[in-house]
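Down below is the structure, laid out as structure tokens.
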Amino acid sequence: METEDPFIQAGKYSLRVLEGEELVQAQRAILTDPSFVQAVEWWDRRLGTMAEEATQFAPSSATREAILNRIKHESAADRRVVTIQPKAERPSRLSVGFAMFGTAMAAAALVLYVSTPATNPPVGPTTFEGAQPQLIAQLQNEDGTSRLASLINPTSQRLSVRVSGLEAGEGQVAELWVIPEGGVPQSLGYIPNSGVLERNLTGAESELLLPGSSLAVTFEENTGAPHEAPSPPILLIGAIDSV
Amino acid sequence: MGILYDQTNRVLYGSILRIVRSRGRAEEILQDVYMKIWRRAGTYRSDKGNPITWLCAIARNSAIDVVRREGRMTEIGDDVLENFADDAKPADDWLCDMEDQEALRKCIETLRSDHRTSIRLAYFEGYTQSELANHIGVPIGTIKSWISRGLMGLKGCLGG
């Protein structure tokens, strides 16, 4: 990392070939260096087009039904429409296909009907149910005066965080971040300077909290979470492990 | 979601299967991928790439997460993959941003063979640097160099 061009290292991070200390350093750069984030996004966009030439295979016919059943069980009554705008200059046939959902959106819009998660637990393949381990992350600064211990229960989608020794300044607040491996930081919201925070996780948050992802803490302006990106310095950072 | 699935399942399943090398495991991951797509639809940003690139990134990252957590399976070898490829439906132009894809394809073709192979194997098989070194049978320093030089070539060619 010391001698590698950061732009090239960002490409390796996007390609997901990094491991060990190089991966840790790239994850730190993701948290602290906006130009590194921009470089990763540049590579994501370019290298991602390789997927389009992947050899195609047909899954079993039961897979489609299983997915639609899982969505049906996770759906709530209050449906809403989420629009996804493809490249404006050249709408693809994919976008037109999405528009076939029957909305009055412009033909260039991708439209997915999305429901908010239901209060009932999602119903999925039995092989997944109850099989997930607990996840932990233990973070502390160099002198051990600030610590964070977190326990994540993927099954119940519950996050518990115990914090001590954070001292946010006037107008600042501690914010927790998850950095997916190969991804950019996502805010998990504010946490206390000291004490315990327990809350339910959204489906999207649960998908990011995996072994190999990292948790980090920064001080942010108290203007309302979530912030789009963390502000350096990184106070605490550590990997999520399964137990 | 049914229409979305019908239009994209083969390319996403292909991306996953190539990495995890087990049809059953790949189908479980495919289910999870469509659940993620359904939940994250509102987070898609067109300035970060076209829709299929976004969908494929979710599929590839999900498959890599699984093999790095649970290990790579060996149920399906390269020869088997070739045999049950869905030859009825090659990658369609409607699914892709052909300009971007063609630009990358041309640039990759300009790379030295070992640089190109390293990058393609890393992308399609989900290998880390050390896994690539083991797979190809060269020192890890060589692999790091090949990937760096390959990416530098792409950066210059693509105008990064």
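Ordering of the structure tokens sets the chain letters (A, B, ...); residue numbers start at 1 within each chain; ligands are numbered from 1 in the order shown.
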_Report as a PyMOL selection string all protein, DNA and RNA residues lying within 9 Å of stretch 119-126 of chain B, evaluated on only C-alpha atoms, omitting residues in the same chain fewer than 5 positions from it._
(chain A and resi 15-17+47-48+50-51+54) or (chain B and resi 15-16+18-20+60-61+63-64+67+108+114+132+146-147+150-151)
*Measure the distance from atom CA of A:Ala204 to atom CA of A:Pro6 in Å and round it to one decimal.*
29.5 Å
*Between B:His115, B:Lys144, B:Arg10, B:Arg72, which is the closest to chain A once you count only C-alpha atoms?*
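When distances to chain A are compared using only C-alpha atoms, the smallest one comes from B:Arg10.
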*Which one is closest to A:Trp43: A:Ala26, A:Leu18, A:Leu31, A:Ala10? Count only C-alpha atoms.*
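Under the stated criterion, the closest residue is A:Ala10.
In this comparison, which uses only C-alpha atoms, the residue of B:His135, B:Arg21, B:Arg69, B:Lys155 approaching B:Leu104 most closely is B:Lys155.
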*B:Tyr13, B:Ser113, B:Asn50, B:Thr128: which is nearest A:Gly182, counting only C-alpha atoms?*
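The answer is B:Thr128, which sits nearest to A:Gly182.
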Among the residues of chain B, find those DSSP assigns to alpha helix (DSSP H) from the backbone and print them as a JSON list (two decimals) with N, CA and C atoms, in the first residue's frame.
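Ended up saving to result_7.json:
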```
[["chain", "number", "residue", "atom", "x", "y", "z"],
["B", 2, "GLY", "N", -41.07, -10.60, -10.69],
["B", 2, "GLY", "CA", -41.05, -11.76, -11.57],
["B", 2, "GLY", "C", -40.46, -11.44, -12.93],
["B", 3, "ILE", "N", -40.81, -10.27, -13.45],
["B", 3, "ILE", "CA", -40.28, -9.86, -14.75],
["B", 3, "ILE", "C", -38.78, -9.58, -14.65],
["B", 4, "LEU", "N", -38.41, -8.89, -13.58],
["B", 4, "LEU", "CA", -36.99, -8.63, -13.36],
["B", 4, "LEU", "C", -36.22, -9.94, -13.28],
["B", 5, "TYR", "N", -36.78, -10.89, -12.55],
["B", 5, "TYR", "CA", -36.12, -12.20, -12.41],
["B", 5, "TYR", "C", -35.97, -12.87, -13.78],
["B", 6, "ASP", "N", -37.04, -12.86, -14.54],
["B", 6, "ASP", "CA", -37.01, -13.54, -15.84],
["B", 6, "ASP", "C", -35.95, -12.93, -16.76],
["B", 7, "GLN", "N", -35.73, -11.62, -16.62],
["B", 7, "GLN", "CA", -34.80, -10.95, -17.52],
["B", 7, "GLN", "C", -33.34, -11.03, -17.06],
["B", 8, "THR", "N", -33.13, -11.36, -15.82],
["B", 8, "THR", "CA", -31.76, -11.25, -15.30],
["B", 8, "THR", "C", -31.23, -12.51, -14.63],
["B", 9, "ASN", "N", -32.08, -13.51, -14.37],
["B", 9, "ASN", "CA", -31.64, -14.62, -13.53],
["B", 9, "ASN", "C", -30.46, -15.40, -14.10],
["B", 10, "ARG", "N", -30.40, -15.54, -15.44],
["B", 10, "ARG", "CA", -29.34, -16.36, -16.01],
["B", 10, "ARG", "C", -27.96, -15.73, -15.85],
["B", 11, "VAL", "N", -27.90, -14.43, -16.05],
["B", 11, "VAL", "CA", -26.58, -13.79, -15.94],
["B", 11, "VAL", "C", -26.16, -13.71, -14.48],
["B", 12, "LEU", "N", -27.11, -13.46, -13.57],
["B", 12, "LEU", "CA", -26.74, -13.42, -12.15],
["B", 12, "LEU", "C", -26.36, -14.81, -11.65],
["B", 13, "TYR", "N", -27.13, -15.81, -12.05],
["B", 13, "TYR", "CA", -26.82, -17.18, -11.63],
["B", 13, "TYR", "C", -25.46, -17.61, -12.20],
["B", 14, "GLY", "N", -25.19, -17.22, -13.44],
["B", 14, "GLY", "CA", -23.89, -17.55, -14.03],
["B", 14, "GLY", "C", -22.73, -16.95, -13.26],
["B", 15, "SER", "N", -22.90, -15.69, -12.84],
["B", 15, "SER", "CA", -21.84, -15.03, -12.07],
["B", 15, "SER", "C", -21.61, -15.74, -10.74],
["B", 16, "ILE", "N", -22.70, -16.12, -10.10],
["B", 16, "ILE", "CA", -22.60, -16.77, -8.79],
["B", 16, "ILE", "C", -22.01, -18.17, -8.91],
["B", 17, "LEU", "N", -22.52, -18.93, -9.87],
["B", 17, "LEU", "CA", -22.11, -20.33, -10.02],
["B", 17, "LEU", "C", -20.62, -20.44, -10.31],
["B", 18, "ARG", "N", -20.12, -19.52, -11.11],
["B", 18, "ARG", "CA", -18.70, -19.57, -11.46],
["B", 18, "ARG", "C", -17.82, -19.41, -10.22],
["B", 19, "ILE", "N", -18.31, -18.70, -9.23],
["B", 19, "ILE", "CA", -17.52, -18.46, -8.02],
["B", 19, "ILE", "C", -17.73, -19.57, -6.99],
["B", 20, "VAL", "N", -18.97, -19.96, -6.74],
["B", 20, "VAL", "CA", -19.19, -20.92, -5.65],
["B", 20, "VAL", "C", -19.08, -22.37, -6.08],
["B", 23, "ARG", "N", -24.26, -25.97, -7.65],
["B", 23, "ARG", "CA", -25.55, -25.49, -8.16],
["B", 23, "ARG", "C", -26.52, -25.19, -7.02],
["B", 24, "GLY", "N", -26.56, -26.10, -6.02],
["B", 24, "GLY", "CA", -27.49, -25.89, -4.92],
["B", 24, "GLY", "C", -27.15, -24.64, -4.13],
["B", 25, "ARG", "N", -25.86, -24.48, -3.82],
["B", 25, "ARG", "CA", -25.45, -23.30, -3.06],
["B", 25, "ARG", "C", -25.68, -22.03, -3.88],
["B", 26, "ALA", "N", -25.40, -22.12, -5.18],
["B", 26, "ALA", "CA", -25.59, -20.95, -6.05],
["B", 26, "ALA", "C", -27.06, -20.54, -6.09],
["B", 27, "GLU", "N", -27.96, -21.52, -6.06],
["B", 27, "GLU", "CA", -29.39, -21.17, -6.09],
["B", 27, "GLU", "C", -29.83, -20.53, -4.78],
["B", 28, "GLU", "N", -29.26, -21.00, -3.66],
["B", 28, "GLU", "CA", -29.56, -20.36, -2.37],
["B", 28, "GLU", "C", -29.08, -18.90, -2.38],
["B", 29, "ILE", "N", -27.87, -18.70, -2.91],
["B", 29, "ILE", "CA", -27.33, -17.34, -2.97],
["B", 29, "ILE", "C", -28.18, -16.48, -3.91],
["B", 30, "LEU", "N", -28.59, -17.08, -5.02],
["B", 30, "LEU", "CA", -29.42, -16.33, -5.98],
["B", 30, "LEU", "C", -30.70, -15.83, -5.31],
["B", 31, "GLN", "N", -31.30, -16.69, -4.49],
["B", 31, "GLN", "CA", -32.49, -16.24, -3.75],
["B", 31, "GLN", "C", -32.17, -15.03, -2.88],
["B", 32, "ASP", "N", -31.06, -15.14, -2.15],
["B", 32, "ASP", "CA", -30.69, -14.03, -1.27],
["B", 32, "ASP", "C", -30.40, -12.76, -2.07],
["B", 33, "VAL", "N", -29.79, -12.94, -3.25],
["B", 33, "VAL", "CA", -29.45, -11.78, -4.08],
["B", 33, "VAL", "C", -30.72, -11.04, -4.50],
["B", 34, "TYR", "N", -31.75, -11.77, -4.93],
["B", 34, "TYR", "CA", -32.97, -11.07, -5.34],
["B", 34, "TYR", "C", -33.68, -10.43, -4.15],
["B", 35, "MET", "N", -33.53, -11.02, -2.96],
["B", 35, "MET", "CA", -34.09, -10.36, -1.77],
["B", 35, "MET", "C", -33.35, -9.05, -1.52],
["B", 36, "LYS", "N", -32.01, -9.07, -1.68],
["B", 36, "LYS", "CA", -31.23, -7.84, -1.50],
["B", 36, "LYS", "C", -31.64, -6.79, -2.54],
["B", 37, "ILE", "N", -31.79, -7.23, -3.77],
["B", 37, "ILE", "CA", -32.18, -6.29, -4.83],
["B", 37, "ILE", "C", -33.52, -5.66, -4.49],
["B", 38, "TRP", "N", -34.43, -6.49, -4.04],
["B", 38, "TRP", "CA", -35.78, -6.02, -3.70],
["B", 38, "TRP", "C", -35.72, -5.01, -2.55],
["B", 39, "ARG", "N", -34.88, -5.30, -1.56],
["B", 39, "ARG", "CA", -34.80, -4.40, -0.40],
["B", 39, "ARG", "C", -34.03, -3.12, -0.72],
["B", 40, "ARG", "N", -33.04, -3.24, -1.61],
["B", 40, "ARG", "CA", -32.15, -2.10, -1.86],
["B", 40, "ARG", "C", -32.50, -1.30, -3.10],
["B", 51, "PRO", "N", -28.03, -0.42, -14.66],
["B", 51, "PRO", "CA", -28.72, -1.33, -13.73],
["B", 51, "PRO", "C", -28.13, -2.73, -13.66],
["B", 52, "ILE", "N", -27.77, -3.30, -14.81],
["B", 52, "ILE", "CA", -27.31, -4.68, -14.77],
["B", 52, "ILE", "C", -25.95, -4.78, -14.08],
["B", 53, "THR", "N", -25.13, -3.73, -14.21],
["B", 53, "THR", "CA", -23.86, -3.71, -13.50],
["B", 53, "THR", "C", -24.10, -3.73, -11.99],
["B", 54, "TRP", "N", -25.09, -2.96, -11.56],
["B", 54, "TRP", "CA", -25.44, -2.92, -10.14],
["B", 54, "TRP", "C", -25.94, -4.29, -9.66],
["B", 55, "LEU", "N", -26.80, -4.90, -10.45],
["B", 55, "LEU", "CA", -27.34, -6.21, -10.07],
["B", 55, "LEU", "C", -26.23, -7.25, -10.02],
["B", 56, "CYS", "N", -25.36, -7.22, -11.02],
["B", 56, "CYS", "CA", -24.27, -8.21, -11.06],
["B", 56, "CYS", "C", -23.28, -8.00, -9.92],
["B", 57, "ALA", "N", -23.07, -6.74, -9.53],
["B", 57, "ALA", "CA", -22.16, -6.48, -8.40],
["B", 57, "ALA", "C", -22.72, -7.08, -7.12],
["B", 58, "ILE", "N", -24.03, -6.97, -6.92],
["B", 58, "ILE", "CA", -24.64, -7.57, -5.73],
["B", 58, "ILE", "C", -24.46, -9.09, -5.77],
["B", 59, "ALA", "N", -24.66, -9.69, -6.95],
["B", 59, "ALA", "CA", -24.53, -11.14, -7.07],
["B", 59, "ALA", "C", -23.09, -11.58, -6.84],
["B", 60, "ARG", "N", -22.15, -10.89, -7.48],
["B", 60, "ARG", "CA", -20.74, -11.28, -7.35],
["B", 60, "ARG", "C", -20.26, -11.12, -5.91],
["B", 61, "ASN", "N", -20.59, -9.98, -5.30],
["B", 61, "ASN", "CA", -20.15, -9.75, -3.93],
["B", 61, "ASN", "C", -20.77, -10.75, -2.97],
["B", 62, "SER", "N", -22.01, -11.11, -3.19],
["B", 62, "SER", "CA", -22.66, -12.09, -2.32],
["B", 62, "SER", "C", -21.97, -13.45, -2.44],
["B", 63, "ALA", "N", -21.64, -13.83, -3.67],
["B", 63, "ALA", "CA", -20.98, -15.12, -3.87],
["B", 63, "ALA", "C", -19.58, -15.12, -3.23],
["B", 64, "ILE", "N", -18.86, -14.02, -3.41],
["B", 64, "ILE", "CA", -17.51, -13.93, -2.81],
["B", 64, "ILE", "C", -17.61, -13.96, -1.29],
["B", 65, "ASP", "N", -18.59, -13.26, -0.72],
["B", 65, "ASP", "CA", -18.77, -13.29, 0.73],
["B", 65, "ASP", "C", -18.93, -14.73, 1.22],
["B", 66, "VAL", "N", -19.71, -15.50, 0.49],
["B", 66, "VAL", "CA", -19.97, -16.89, 0.92],
["B", 66, "VAL", "C", -18.71, -17.74, 0.82],
["B", 67, "VAL", "N", -17.97, -17.66, -0.28],
["B", 67, "VAL", "CA", -16.79, -18.53, -0.40],
["B", 67, "VAL", "C", -15.69, -18.12, 0.57],
["B", 68, "ARG", "N", -15.64, -16.84, 0.92],
["B", 68, "ARG", "CA", -14.61, -16.43, 1.89],
["B", 68, "ARG", "C", -15.02, -16.77, 3.31],
["B", 69, "ARG", "N", -16.32, -16.95, 3.52],
["B", 69, "ARG", "CA", -16.80, -17.32, 4.85],
["B", 69, "ARG", "C", -16.84, -18.84, 5.01],
["B", 70, "GLU", "N", -17.22, -19.54, 3.96],
["B", 70, "GLU", "CA", -17.49, -20.97, 4.09],
["B", 70, "GLU", "C", -16.55, -21.85, 3.28],
["B", 78, "ASP", "N", -14.37, -26.62, -14.35],
["B", 78, "ASP", "CA", -14.48, -25.77, -15.55],
["B", 78, "ASP", "C", -15.16, -26.51, -16.71],
["B", 79, "ASP", "N", -14.83, -27.82, -16.84],
["B", 79, "ASP", "CA", -15.40, -28.57, -17.96],
["B", 79, "ASP", "C", -16.91, -28.70, -17.83],
["B", 80, "VAL", "N", -17.38, -28.91, -16.59],
["B", 80, "VAL", "CA", -18.83, -29.04, -16.37],
["B", 80, "VAL", "C", -19.51, -27.70, -16.63],
["B", 81, "LEU", "N", -18.88, -26.63, -16.18],
["B", 81, "LEU", "CA", -19.46, -25.30, -16.41],
["B", 81, "LEU", "C", -19.70, -25.07, -17.90],
["B", 82, "GLU", "N", -18.73, -25.48, -18.69],
["B", 82, "GLU", "CA", -18.87, -25.29, -20.14],
["B", 82, "GLU", "C", -20.00, -26.13, -20.69],
["B", 83, "ASN", "N", -20.19, -27.33, -20.11],
["B", 83, "ASN", "CA", -21.20, -28.24, -20.64],
["B", 83, "ASN", "C", -22.62, -27.80, -20.36],
["B", 98, "MET", "N", -23.66, -1.38, -23.79],
["B", 98, "MET", "CA", -22.72, -1.93, -24.76],
["B", 98, "MET", "C", -21.50, -1.04, -24.96],
["B", 99, "GLU", "N", -21.69, 0.28, -24.84],
["B", 99, "GLU", "CA", -20.55, 1.18, -25.04],
["B", 99, "GLU", "C", -19.49, 0.94, -23.98],
["B", 100, "ASP", "N", -19.91, 0.92, -22.72],
["B", 100, "ASP", "CA", -18.96, 0.70, -21.64],
["B", 100, "ASP", "C", -18.34, -0.69, -21.71],
["B", 101, "GLN", "N", -19.18, -1.67, -22.00],
["B", 101, "GLN", "CA", -18.69, -3.05, -22.05],
["B", 101, "GLN", "C", -17.68, -3.21, -23.18],
["B", 102, "GLU", "N", -18.00, -2.63, -24.32],
["B", 102, "GLU", "CA", -17.11, -2.74, -25.47],
["B", 102, "GLU", "C", -15.79, -2.02, -25.21],
["B", 103, "ALA", "N", -15.88, -0.87, -24.55],
["B", 103, "ALA", "CA", -14.65, -0.12, -24.23],
["B", 103, "ALA", "C", -13.76, -0.95, -23.32],
["B", 104, "LEU", "N", -14.35, -1.58, -22.30],
["B", 104, "LEU", "CA", -13.55, -2.39, -21.40],
["B", 104, "LEU", "C", -12.98, -3.60, -22.13],
["B", 105, "ARG", "N", -13.80, -4.22, -22.95],
["B", 105, "ARG", "CA", -13.35, -5.42, -23.66],
["B", 105, "ARG", "C", -12.14, -5.10, -24.54],
["B", 106, "LYS", "N", -12.23, -3.98, -25.25],
["B", 106, "LYS", "CA", -11.12, -3.60, -26.12],
["B", 106, "LYS", "C", -9.86, -3.31, -25.31],
["B", 107, "CYS", "N", -10.04, -2.65, -24.18],
["B", 107, "CYS", "CA", -8.88, -2.32, -23.35],
["B", 107, "CYS", "C", -8.25, -3.57, -22.75],
["B", 108, "ILE", "N", -9.09, -4.50, -22.32],
["B", 108, "ILE", "CA", -8.55, -5.74, -21.75],
["B", 108, "ILE", "C", -7.77, -6.51, -22.81],
["B", 109, "GLU", "N", -8.25, -6.46, -24.05],
["B", 109, "GLU", "CA", -7.55, -7.16, -25.13],
["B", 109, "GLU", "C", -6.16, -6.59, -25.37],
["B", 113, "SER", "N", -0.99, -10.99, -21.93],
["B", 113, "SER", "CA", -1.81, -12.17, -21.65],
["B", 113, "SER", "C", -1.90, -12.50, -20.16],
["B", 114, "ASP", "N", -0.76, -12.51, -19.47],
["B", 114, "ASP", "CA", -0.81, -12.90, -18.05],
["B", 114, "ASP", "C", -1.50, -11.83, -17.20],
["B", 115, "HIS", "N", -1.37, -10.57, -17.59],
["B", 115, "HIS", "CA", -2.08, -9.51, -16.87],
["B", 115, "HIS", "C", -3.59, -9.66, -17.08],
["B", 116, "ARG", "N", -3.96, -9.92, -18.33],
["B", 116, "ARG", "CA", -5.38, -10.06, -18.66],
["B", 116, "ARG", "C", -5.98, -11.27, -17.95],
["B", 117, "THR", "N", -5.25, -12.38, -17.97],
["B", 117, "THR", "CA", -5.76, -13.60, -17.32],
["B", 117, "THR", "C", -5.95, -13.39, -15.83],
["B", 118, "SER", "N", -5.01, -12.72, -15.19],
["B", 118, "SER", "CA", -5.11, -12.49, -13.74],
["B", 118, "SER", "C", -6.35, -11.69, -13.40],
["B", 119, "ILE", "N", -6.59, -10.64, -14.16],
["B", 119, "ILE", "CA", -7.73, -9.77, -13.86],
["B", 119, "ILE", "C", -9.04, -10.51, -14.14],
["B", 120, "ARG", "N", -9.09, -11.23, -15.24],
["B", 120, "ARG", "CA", -10.33, -11.95, -15.56],
["B", 120, "ARG", "C", -10.61, -13.07, -14.54],
["B", 121, "LEU", "N", -9.58, -13.78, -14.14],
["B", 121, "LEU", "CA", -9.78, -14.83, -13.14],
["B", 121, "LEU", "C", -10.23, -14.23, -11.80],
["B", 122, "ALA", "N", -9.61, -13.11, -11.44],
["B", 122, "ALA", "CA", -10.00, -12.46, -10.18],
["B", 122, "ALA", "C", -11.45, -12.03, -10.25],
["B", 123, "TYR", "N", -11.85, -11.50, -11.38],
["B", 123, "TYR", "CA", -13.22, -11.01, -11.49],
["B", 123, "TYR", "C", -14.24, -12.15, -11.55],
["B", 124, "PHE", "N", -14.01, -13.09, -12.45],
["B", 124, "PHE", "CA", -15.04, -14.11, -12.67],
["B", 124, "PHE", "C", -15.01, -15.24, -11.64],
["B", 125, "GLU", "N", -13.83, -15.54, -11.09],
["B", 125, "GLU", "CA", -13.75, -16.63, -10.12],
["B", 125, "GLU", "C", -13.76, -16.12, -8.68],
["B", 129, "GLN", "N", -5.55, -12.44, -4.16],
["B", 129, "GLN", "CA", -4.20, -12.49, -4.74],
["B", 129, "GLN", "C", -3.51, -13.83, -4.44],
["B", 130, "SER", "N", -3.61, -14.29, -3.19],
["B", 130, "SER", "CA", -2.92, -15.54, -2.85],
["B", 130, "SER", "C", -3.60, -16.74, -3.51],
["B", 131, "GLU", "N", -4.92, -16.70, -3.63],
["B", 131, "GLU", "CA", -5.62, -17.78, -4.33],
["B", 131, "GLU", "C", -5.22, -17.81, -5.81],
["B", 132, "LEU", "N", -5.08, -16.63, -6.39],
["B", 132, "LEU", "CA", -4.64, -16.56, -7.79],
["B", 132, "LEU", "C", -3.25, -17.13, -7.96],
["B", 133, "ALA", "N", -2.37, -16.77, -7.02],
["B", 133, "ALA", "CA", -1.00, -17.26, -7.10],
["B", 133, "ALA", "C", -0.99, -18.78, -7.04],
["B", 134, "ASN", "N", -1.79, -19.34, -6.14],
["B", 134, "ASN", "CA", -1.88, -20.79, -6.01],
["B", 134, "ASN", "C", -2.50, -21.42, -7.25],
["B", 135, "HIS", "N", -3.51, -20.80, -7.78],
["B", 135, "HIS", "CA", -4.22, -21.35, -8.93],
["B", 135, "HIS", "C", -3.34, -21.35, -10.18],
["B", 136, "ILE", "N", -2.63, -20.24, -10.38],
["B", 136, "ILE", "CA", -1.81, -20.13, -11.59],
["B", 136, "ILE", "C", -0.45, -20.80, -11.40],
["B", 140, "ILE", "N", 3.28, -14.98, -5.19],
["B", 140, "ILE", "CA", 2.26, -13.97, -4.97],
["B", 140, "ILE", "C", 2.75, -12.59, -5.41],
["B", 141, "GLY", "N", 4.05, -12.34, -5.29],
["B", 141, "GLY", "CA", 4.59, -11.06, -5.74],
["B", 141, "GLY", "C", 4.39, -10.87, -7.24],
["B", 142, "THR", "N", 4.49, -11.97, -7.96],
["B", 142, "THR", "CA", 4.28, -11.90, -9.41],
["B", 142, "THR", "C", 2.82, -11.56, -9.72],
["B", 143, "ILE", "N", 1.93, -12.21, -8.99],
["B", 143, "ILE", "CA", 0.49, -11.94, -9.21],
["B", 143, "ILE", "C", 0.17, -10.48, -8.90],
["B", 144, "LYS", "N", 0.72, -9.99, -7.77],
["B", 144, "LYS", "CA", 0.46, -8.59, -7.41],
["B", 144, "LYS", "C", 0.93, -7.66, -8.52],
["B", 145, "SER", "N", 2.10, -7.98, -9.05],
["B", 145, "SER", "CA", 2.66, -7.15, -10.12],
["B", 145, "SER", "C", 1.80, -7.23, -11.39],
["B", 146, "TRP", "N", 1.37, -8.44, -11.73],
["B", 146, "TRP", "CA", 0.55, -8.60, -12.94],
["B", 146, "TRP", "C", -0.75, -7.81, -12.82],
["B", 147, "ILE", "N", -1.38, -7.92, -11.65],
["B", 147, "ILE", "CA", -2.66, -7.21, -11.49],
["B", 147, "ILE", "C", -2.44, -5.70, -11.51],
["B", 148, "SER", "N", -1.39, -5.25, -10.83],
["B", 148, "SER", "CA", -1.10, -3.81, -10.82],
["B", 148, "SER", "C", -0.87, -3.30, -12.23],
["B", 149, "ARG", "N", -0.06, -4.01, -12.97],
["B", 149, "ARG", "CA", 0.25, -3.56, -14.33],
["B", 149, "ARG", "C", -0.99, -3.65, -15.24],
["B", 150, "GLY", "N", -1.77, -4.68, -15.01],
["B", 150, "GLY", "CA", -3.00, -4.80, -15.80],
["B", 150, "GLY", "C", -3.95, -3.65, -15.51],
["B", 151, "LEU", "N", -4.10, -3.33, -14.23],
["B", 151, "LEU", "CA", -5.00, -2.23, -13.88],
["B", 151, "LEU", "C", -4.45, -0.89, -14.37],
["B", 152, "MET", "N", -3.12, -0.74, -14.33],
["B", 152, "MET", "CA", -2.54, 0.51, -14.87],
["B", 152, "MET", "C", -2.83, 0.62, -16.36],
["B", 153, "GLY", "N", -2.74, -0.51, -17.05],
["B", 153, "GLY", "CA", -3.06, -0.50, -18.48],
["B", 153, "GLY", "C", -4.52, -0.12, -18.73],
["B", 154, "LEU", "N", -5.41, -0.66, -17.91],
["B", 154, "LEU", "CA", -6.84, -0.34, -18.06],
["B", 154, "LEU", "C", -7.10, 1.12, -17.73],
["B", 155, "LYS", "N", -6.44, 1.58, -16.68],
["B", 155, "LYS", "CA", -6.63, 2.99, -16.28],
["B", 155, "LYS", "C", -6.26, 3.91, -17.45],
["B", 156, "GLY", "N", -5.11, 3.65, -18.05],
["B", 156, "GLY", "CA", -4.67, 4.49, -19.16],
["B", 156, "GLY", "C", -5.60, 4.38, -20.36],
["B", 157, "CYS", "N", -6.02, 3.15, -20.63],
["B", 157, "CYS", "CA", -6.86, 2.91, -21.82],
["B", 157, "CYS", "C", -8.27, 3.50, -21.65],
["B", 158, "LEU", "N", -8.79, 3.40, -20.40],
["B", 158, "LEU", "CA", -10.17, 3.86, -20.15],
["B", 158, "LEU", "C", -10.23, 5.33, -19.76]]
```
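The protein and nucleic acid residues lying at most 12 Å from A:Glu220 are Glu167, Ala168, Gly169, Glu170, Gly171, Gln172, Val173, Ala174, Glu175, Leu176, Trp177, Ser187, Gly189, Tyr190, Ile191, Pro226, His227, Glu228, Ala229, Pro230, Ser231, Pro232, Pro233, Ile234 and Leu235 of chain A, with only C-alpha atoms considered and sequence neighbours fewer than 6 positions away removed.
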_I'd like the neighbourhood of A:Asp143 as a PyMOL selection string, where a residue qualifies if any of its atoms comes within 12 Å (using only C-alpha atoms), though same-chain residues fewer than 2 positions away should be ignored._
chain A and resi 139-141+145-147+165+235-236
Mind writing the picked residues with N, CA and C atoms as a CSV table (one decimal), in the first residue's frame?
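Result saved to again-v6.csv:
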```csv
chain,number,residue,atom,x,y,z
A,139,LEU,N,-13.7,-3.3,19.3
A,139,LEU,CA,-12.9,-2.2,18.8
A,139,LEU,C,-12.3,-1.4,20.0
A,140,GLN,N,-11.1,-1.0,19.9
A,140,GLN,CA,-10.6,-0.1,20.9
A,140,GLN,C,-9.5,0.8,20.3
A,141,ASN,N,-9.3,2.0,20.9
A,141,ASN,CA,-8.2,2.8,20.4
A,141,ASN,C,-6.8,2.3,20.9
A,145,THR,N,-8.5,3.5,25.9
A,145,THR,CA,-9.4,4.4,26.7
A,145,THR,C,-10.8,4.5,26.1
A,146,SER,N,-10.9,4.2,24.8
A,146,SER,CA,-12.2,4.1,24.1
A,146,SER,C,-12.4,2.7,23.6
A,147,ARG,N,-13.6,2.2,23.9
A,147,ARG,CA,-13.9,0.8,23.5
A,147,ARG,C,-15.3,0.7,23.0
A,165,GLY,N,-15.9,5.4,27.0
A,165,GLY,CA,-14.7,6.3,26.8
A,165,GLY,C,-14.7,7.2,25.6
A,235,LEU,N,-11.9,7.0,14.8
A,235,LEU,CA,-11.6,6.8,16.2
A,235,LEU,C,-11.4,5.3,16.6
A,236,LEU,N,-12.3,4.5,16.1
A,236,LEU,CA,-12.2,3.0,16.3
A,236,LEU,C,-12.5,2.3,15.1
```
*asked:* When you count only C-alpha atoms, which of these residues is closest to chain A: B:Thr110, B:Gly137, B:Ala41, B:Met73?
replied: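 That would be B:Ala41, the residue with the smallest distance to chain A.
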*Have a look at B:Leu111, B:Thr43, B:Lys48, B:Ser22 and name the one nearest to B:Thr74; count only C-alpha atoms.*
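Smallest distance to B:Thr74 is found for B:Ser22.
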